[in-house]
file model.cif (mmCIF, C-alpha atoms)
data_my_file
#
loop_
_atom_site.group_PDB
_atom_site.id
_atom_site.type_symbol
_atom_site.label_atom_id
_atom_site.label_comp_id
_atom_site.auth_asym_id
_atom_site.auth_seq_id
_atom_site.Cartn_x
_atom_site.Cartn_y
_atom_site.Cartn_z
ATOM 1 C CA MET A 1 -82.511 67.919 38.776
ATOM 2 C CA LYS A 2 -80.516 66.385 35.984
ATOM 3 C CA LYS A 3 -79.792 68.306 32.768
ATOM 4 C CA ASN A 4 -82.216 66.277 30.679
ATOM 5 C CA THR A 5 -84.968 66.819 33.272
ATOM 6 C CA HIS A 6 -84.463 70.590 33.070
ATOM 7 C CA TYR A 7 -84.675 70.409 29.290
ATOM 8 C CA ARG A 8 -87.813 68.245 29.315
ATOM 9 C CA ILE A 9 -89.579 70.482 31.833
ATOM 10 C CA ALA A 10 -88.788 73.544 29.706
ATOM 11 C CA ARG A 11 -90.175 71.798 26.609
ATOM 12 C CA LEU A 12 -93.289 70.653 28.459
ATOM 13 C CA SER A 13 -93.910 74.195 29.609
ATOM 14 C CA VAL A 14 -93.167 76.096 26.421
ATOM 15 C CA GLU A 15 -94.814 73.723 23.980
ATOM 16 C CA ASN A 16 -97.940 72.699 25.875
ATOM 17 C CA ILE A 17 -99.265 75.614 27.884
ATOM 18 C CA ILE A 18 -100.529 77.806 25.074
ATOM 19 C CA PRO A 19 -101.208 76.637 21.553
ATOM 20 C CA THR A 20 -98.538 78.672 19.843
ATOM 21 C CA GLU A 21 -98.652 80.097 16.379
ATOM 22 C CA THR A 22 -95.871 79.184 14.013
ATOM 23 C CA PRO A 23 -93.165 81.410 15.421
ATOM 24 C CA ALA A 24 -90.913 83.605 13.363
ATOM 25 C CA LYS A 25 -87.311 82.431 12.961
ATOM 26 C CA SER A 26 -86.135 84.815 15.681
ATOM 27 C CA ARG A 27 -88.661 83.327 18.121
ATOM 28 C CA GLN A 28 -87.615 79.791 17.185
ATOM 29 C CA LEU A 29 -83.989 80.733 17.752
ATOM 30 C CA SER A 30 -84.722 82.336 21.116
ATOM 31 C CA LYS A 31 -86.767 79.272 22.136
ATOM 32 C CA TRP A 32 -83.829 76.951 21.434
ATOM 33 C CA ALA A 33 -81.413 79.359 23.130
ATOM 34 C CA PHE A 34 -83.736 79.271 26.154
ATOM 35 C CA TYR A 35 -83.687 75.454 26.144
ATOM 36 C CA ILE A 36 -79.881 75.425 25.958
ATOM 37 C CA GLY A 37 -79.756 77.863 28.862
ATOM 38 C CA THR A 38 -81.709 75.429 31.040
ATOM 39 C CA ILE A 39 -78.834 72.929 31.020
ATOM 40 C CA LEU A 40 -75.853 75.312 31.192
ATOM 41 C CA PRO A 41 -75.649 75.790 34.981
ATOM 42 C CA ASP A 42 -74.748 72.118 35.398
ATOM 43 C CA LEU A 43 -71.998 72.480 32.795
ATOM 44 C CA SER A 44 -70.387 75.682 34.026
ATOM 45 C CA PHE A 45 -68.372 76.936 36.951
ATOM 46 C CA THR A 46 -71.347 78.952 38.244
ATOM 47 C CA GLN A 47 -72.651 75.845 39.995
ATOM 48 C CA PHE A 48 -69.816 76.383 42.463
ATOM 49 C CA THR A 49 -70.080 80.158 42.791
ATOM 50 C CA HIS A 50 -73.891 80.117 42.877
ATOM 51 C CA PRO A 51 -75.075 76.766 44.289
ATOM 52 C CA HIS A 52 -78.523 75.581 43.197
ATOM 53 C CA TYR A 53 -80.224 76.209 46.546
ATOM 54 C CA TYR A 54 -82.726 78.955 47.295
ATOM 55 C CA GLU A 55 -80.946 80.064 50.459
ATOM 56 C CA LYS A 56 -77.630 80.513 48.661
ATOM 57 C CA SER A 57 -78.547 81.852 45.230
ATOM 58 C CA SER A 58 -82.013 83.428 45.232
ATOM 59 C CA ASP A 59 -80.573 86.969 45.358
ATOM 60 C CA TYR A 60 -78.337 86.181 42.379
ATOM 61 C CA VAL A 61 -81.265 84.747 40.396
ATOM 62 C CA PHE A 62 -83.684 87.581 41.137
ATOM 63 C CA ASN A 63 -81.079 90.258 40.369
ATOM 64 C CA LYS A 64 -80.528 88.669 36.938
ATOM 65 C CA LEU A 65 -84.281 88.402 36.341
ATOM 66 C CA TYR A 66 -84.920 92.051 37.253
ATOM 67 C CA LYS A 67 -82.098 93.179 34.988
ATOM 68 C CA ILE A 68 -83.421 91.230 31.982
ATOM 69 C CA GLU A 69 -87.092 91.972 32.675
ATOM 70 C CA ASN A 70 -86.432 95.708 32.474
ATOM 71 C CA LYS A 71 -84.711 95.526 29.088
ATOM 72 C CA PRO A 72 -86.938 96.831 26.289
ATOM 73 C CA ALA A 73 -85.786 94.162 23.812
ATOM 74 C CA LYS A 74 -84.489 90.718 24.583
ATOM 75 C CA GLY A 75 -81.973 88.905 22.413
ATOM 76 C CA ILE A 76 -80.424 85.468 22.214
ATOM 77 C CA ARG A 77 -78.074 86.097 25.155
ATOM 78 C CA ASP A 78 -81.072 87.060 27.276
ATOM 79 C CA ALA A 79 -82.896 83.873 26.220
ATOM 80 C CA ILE A 80 -79.893 81.806 27.304
ATOM 81 C CA LYS A 81 -79.571 83.685 30.597
ATOM 82 C CA LEU A 82 -83.307 83.308 31.308
ATOM 83 C CA GLY A 83 -82.959 79.576 30.623
ATOM 84 C CA GLU A 84 -80.135 79.498 33.157
ATOM 85 C CA MET A 85 -82.306 81.269 35.718
ATOM 86 C CA VAL A 86 -85.102 78.755 35.041
ATOM 87 C CA HIS A 87 -82.612 76.005 35.877
ATOM 88 C CA TYR A 88 -82.009 77.574 39.287
ATOM 89 C CA LEU A 89 -85.697 78.202 39.921
ATOM 90 C CA CYS A 90 -86.581 74.614 39.018
ATOM 91 C CA ASP A 91 -83.922 73.391 41.428
ATOM 92 C CA PHE A 92 -85.489 75.661 44.061
ATOM 93 C CA CYS A 93 -88.665 73.586 43.432
ATOM 94 C CA CYS A 94 -86.941 70.242 43.806
ATOM 95 C CA PHE A 95 -87.176 68.276 47.051
ATOM 96 C CA ALA A 96 -83.501 67.262 46.813
ATOM 97 C CA HIS A 97 -82.529 70.953 46.933
ATOM 98 C CA LEU A 98 -84.770 72.025 49.829
ATOM 99 C CA GLY A 99 -82.281 71.683 52.659
ATOM 100 C CA GLY A 100 -79.881 74.339 51.410
ATOM 101 C CA SER A 101 -77.098 71.819 50.854
ATOM 102 C CA ILE A 102 -76.564 68.541 49.046
ATOM 103 C CA GLY A 103 -77.173 66.480 52.193
ATOM 104 C CA LYS A 104 -76.546 62.790 51.605
ATOM 105 C CA ILE A 105 -75.142 62.714 48.096
ATOM 106 C CA SER A 106 -76.524 59.269 47.288
ATOM 107 C CA GLU A 107 -80.081 60.273 48.316
ATOM 108 C CA HIS A 108 -79.826 63.586 46.459
ATOM 109 C CA LEU A 109 -78.675 61.906 43.248
ATOM 110 C CA GLN A 110 -81.250 59.120 43.583
ATOM 111 C CA TYR A 111 -84.089 61.652 43.910
ATOM 112 C CA GLU A 112 -82.834 63.528 40.847
ATOM 113 C CA ARG A 113 -82.580 60.282 38.856
ATOM 114 C CA ASN A 114 -86.059 59.234 39.963
ATOM 115 C CA ILE A 115 -87.715 62.547 39.111
ATOM 116 C CA GLY A 116 -85.970 62.526 35.732
ATOM 117 C CA GLN A 117 -87.236 59.009 35.046
ATOM 118 C CA TYR A 118 -90.715 60.028 36.202
ATOM 119 C CA VAL A 119 -90.781 62.919 33.720
ATOM 120 C CA LEU A 120 -89.537 60.645 30.934
ATOM 121 C CA ASP A 121 -91.998 57.835 31.730
ATOM 122 C CA ASN A 122 -94.953 60.210 32.075
ATOM 123 C CA TYR A 123 -94.075 62.749 29.375
ATOM 124 C CA CYS A 124 -97.216 62.171 27.263
ATOM 125 C CA SER A 125 -99.585 62.233 30.227
ATOM 126 C CA LEU A 126 -97.853 65.364 31.562
ATOM 127 C CA GLN A 127 -98.357 67.000 28.149
ATOM 128 C CA LYS A 128 -102.093 66.323 28.344
ATOM 129 C CA ILE A 129 -102.387 67.563 31.917
ATOM 130 C CA ILE A 130 -100.454 70.731 31.166
ATOM 131 C CA ALA A 131 -102.399 71.484 27.998
ATOM 132 C CA SER A 132 -105.729 71.078 29.784
ATOM 133 C CA VAL A 133 -104.974 72.568 33.200
ATOM 134 C CA PHE A 134 -102.328 75.248 32.804
ATOM 135 C CA SER A 135 -102.757 78.635 31.240
ATOM 136 C CA ILE A 136 -100.947 81.911 31.415
ATOM 137 C CA ASP A 137 -103.067 84.528 33.094
ATOM 138 C CA GLU A 138 -102.856 88.188 32.428
ATOM 139 C CA SER A 139 -102.047 88.647 36.077
ATOM 140 C CA THR A 140 -101.982 91.992 37.774
ATOM 141 C CA LYS A 141 -98.766 90.865 39.466
ATOM 142 C CA ALA A 142 -95.450 91.495 37.780
ATOM 143 C CA PRO A 143 -93.823 88.268 36.511
ATOM 144 C CA ILE A 144 -91.107 88.226 39.155
ATOM 145 C CA GLU A 145 -93.701 88.718 41.893
ATOM 146 C CA GLN A 146 -95.626 85.767 40.430
ATOM 147 C CA ILE A 147 -92.443 83.669 40.584
ATOM 148 C CA LYS A 148 -91.856 84.637 44.216
ATOM 149 C CA TYR A 149 -95.446 83.675 44.990
ATOM 150 C CA GLU A 150 -94.997 80.288 43.273
ATOM 151 C CA LEU A 151 -91.800 79.615 45.253
ATOM 152 C CA GLU A 152 -93.489 80.550 48.527
ATOM 153 C CA ASP A 153 -96.455 78.340 47.657
ATOM 154 C CA TYR A 154 -94.063 75.483 46.833
ATOM 155 C CA ARG A 155 -92.271 75.772 50.153
ATOM 156 C CA ASN A 156 -95.556 75.688 52.110
ATOM 157 C CA LYS A 157 -96.730 72.309 50.815
ATOM 158 C CA GLU A 158 -95.487 68.750 50.960
ATOM 159 C CA PRO A 159 -92.913 68.197 48.190
ATOM 160 C CA GLY A 160 -93.095 65.306 45.766
ATOM 161 C CA PHE A 161 -92.529 64.576 42.090
ATOM 162 C CA ASP A 162 -95.847 66.014 40.894
ATOM 163 C CA TRP A 163 -95.554 69.168 43.008
ATOM 164 C CA ASP A 164 -91.899 69.689 42.028
ATOM 165 C CA ILE A 165 -92.712 69.260 38.340
ATOM 166 C CA MET A 166 -95.883 71.362 38.256
ATOM 167 C CA LYS A 167 -94.305 74.292 40.088
ATOM 168 C CA SER A 168 -91.250 74.093 37.825
ATOM 169 C CA ILE A 169 -93.465 74.123 34.743
ATOM 170 C CA ARG A 170 -95.476 77.086 36.027
ATOM 171 C CA ILE A 171 -92.351 79.133 36.793
ATOM 172 C CA THR A 172 -90.796 78.217 33.442
ATOM 173 C CA ALA A 173 -93.937 79.420 31.665
ATOM 174 C CA ILE A 174 -93.925 82.740 33.519
ATOM 175 C CA ILE A 175 -90.329 83.383 32.519
ATOM 176 C CA TYR A 176 -90.709 82.243 28.927
ATOM 177 C CA PHE A 177 -94.051 83.796 28.051
ATOM 178 C CA GLU A 178 -94.086 86.868 30.281
ATOM 179 C CA ILE A 179 -90.440 87.926 30.418
ATOM 180 C CA LEU A 180 -88.717 86.528 27.313
ATOM 181 C CA ARG A 181 -91.580 86.736 24.836
ATOM 182 C CA ASN A 182 -93.302 89.510 26.779
ATOM 183 C CA GLU A 183 -96.701 88.317 25.551
ATOM 184 C CA PHE A 184 -98.756 89.614 28.432
ATOM 185 C CA ALA A 185 -97.042 92.892 29.304
#

call {"tool": "encode", "arguments": {"input": "model.cif", "output": "structure tokens"}}
result
Amino acid sequence: MKKNTHYRIARLSVENIIPTETPAKSRQLSKWAFYIGTILPDLSFTQFTHPHYYEKSSDYVFNKLYKIENKPAKGIRDAIKLGEMVHYLCDFCCFAHLGGSIGKISEHLQYERNIGQYVLDNYCSLQKIIASVFSIDESTKAPIEQIKYELEDYRNKEPGFDWDIMKSIRITAIIYFEILRNEFA
């Protein structure tokens, strides 16, 4: 996915799933740090050391998530790092990234452009769908186990824009609300 698509999906997830109270300054700051984190992997060298494919980088992503999840308090650096991990996880839920490699570059880039345009064109309708359909459950599963379940579920169904976007939003919400903000621990 393109950087702006990652950012928009994070905003859709964070700002539409639960009606949020007016957050304290520290929460506002961590929210924006989280958003910034969602675009960083495409701007840094890590895209070469940890490619954005499940087969190549899932261990890296889950190790980072476990490390941050187990911290008693999460700061701005953690918010940025969790945003970065969301970037990877959203790419794991993107049809163009399913094959484990870039494949035909022109097709890969075209899919990413198209999904980005789809999110932009349908932003308001996606907001309404998310606000009415999605919620964060007080699941008995640990957040990382929920994420693994969502990825497995994604890989067992036919990919497409809606499926890619909805799974990405769900995973983003789990990380933001259950790991970063720790609202349901």

call {"tool": "closest_residue", "arguments": {"input": "model.cif", "among": "A:Glu158, A:Glu152, A:Glu112, A:Asp78", "to": "A:Ile175", "atoms": "only C-alpha atoms"}}
result
A:Asp78

call {"tool": "resolve_selection", "arguments": {"input": "model.cif", "expression": "the PyMOL selection byres ((chain A and resi 130) around 12)", "output": "MDAnalysis selection string"}}
result
chainID A and resid 9 11:19 122:129 131:136 162 165:170 173

call {"tool": "resolve_selection", "arguments": {"input": "model.cif", "expression": "the PyMOL selection byres ((chain A and resi 46) around 12)", "output": "list in words"}}
result
Leu40, Pro41, Asp42, Leu43, Ser44, Phe45, Gln47, Phe48, Thr49, His50, Pro51, His52, Ser57, Tyr60, Val61, Glu84, Met85, His87 and Tyr88 of chain A

call {"tool": "closest_residue", "arguments": {"input": "model.cif", "among": "A:Phe95, A:Tyr176, A:Tyr7, A:Tyr66", "to": "A:Val119", "atoms": "all atoms listed in the file"}}
result
A:Tyr7

call {"tool": "resolve_selection", "arguments": {"input": "model.cif", "expression": "the PyMOL selection byres ((chain A and resi 99) around 12)", "output": "short mmCIF file (atom, residue, chain, number, x, y, z; two decimals) with C-alpha atoms, in the frame of the given file"}}
result
data_model
loop_
_atom_site.label_atom_id
_atom_site.label_comp_id
_atom_site.auth_asym_id
_atom_site.auth_seq_id
_atom_site.Cartn_x
_atom_site.Cartn_y
_atom_site.Cartn_z
CA HIS A 52 -78.52 75.58 43.20
CA TYR A 53 -80.22 76.21 46.55
CA TYR A 54 -82.73 78.96 47.30
CA GLU A 55 -80.95 80.06 50.46
CA LYS A 56 -77.63 80.51 48.66
CA ASP A 91 -83.92 73.39 41.43
CA PHE A 92 -85.49 75.66 44.06
CA CYS A 93 -88.66 73.59 43.43
CA CYS A 94 -86.94 70.24 43.81
CA PHE A 95 -87.18 68.28 47.05
CA ALA A 96 -83.50 67.26 46.81
CA HIS A 97 -82.53 70.95 46.93
CA LEU A 98 -84.77 72.03 49.83
CA GLY A 100 -79.88 74.34 51.41
CA SER A 101 -77.10 71.82 50.85
CA ILE A 102 -76.56 68.54 49.05
CA GLY A 103 -77.17 66.48 52.19
CA LYS A 104 -76.55 62.79 51.60
CA HIS A 108 -79.83 63.59 46.46
CA ARG A 155 -92.27 75.77 50.15
#

call {"tool": "atom_distance", "arguments": {"input": "model.cif", "atom1": "atom CA of A:Glu178", "atom2": "atom CA of A:Ile115"}}
result
26.6 Å

call {"tool": "atom_distance", "arguments": {"input": "model.cif", "atom1": "atom CA of A:Leu109", "atom2": "atom CA of A:Lys148"}}
result
26.3 Å

call {"tool": "closest_residue", "arguments": {"input": "model.cif", "among": "A:Ile147, A:Asn114, A:Lys31, A:Ile179", "to": "A:Ala73", "atoms": "only C-alpha atoms"}}
result
A:Ile179

call {"tool": "closest_residue", "arguments": {"input": "model.cif", "among": "A:Arg113, A:Ile144, A:Phe161, A:Tyr35", "to": "A:Lys67", "atoms": "all atoms listed in the file"}}
result
A:Ile144

call {"tool": "closest_residue", "arguments": {"input": "model.cif", "among": "A:Ala33, A:Ile39, A:Leu151, A:Ala142", "to": "A:Arg8", "atoms": "only C-alpha atoms"}}
result
A:Ile39

call {"tool": "residues_around", "arguments": {"input": "model.cif", "residues": "A:Lys81", "least_positions_apart": "6", "cutoff": "9 Å", "atoms": "only C-alpha atoms", "output": "PyMOL selection string"}}
result
chain A and resi 33-34+37-38+64-65+68

call {"tool": "axis_aligned_box", "arguments": {"input": "model.cif", "around": "stretch 177-180 of chain A", "padding_each_side": "4 Å", "output": "lines of an AutoDock Vina configuration file"}}
result
center_x = -91.4
center_y = 85.9
center_z = 28.9
size_x = 13.4
size_y = 12.1
size_z = 11.1

call {"tool": "atom_distance", "arguments": {"input": "model.cif", "atom1": "atom CA of A:Val86", "atom2": "atom CA of A:Lys157"}}
result
20.6 Å

call {"tool": "closest_residue", "arguments": {"input": "model.cif", "among": "A:Ile105, A:Leu180, A:Met1, A:Ile171", "to": "A:Ser30", "atoms": "only C-alpha atoms"}}
result
A:Leu180
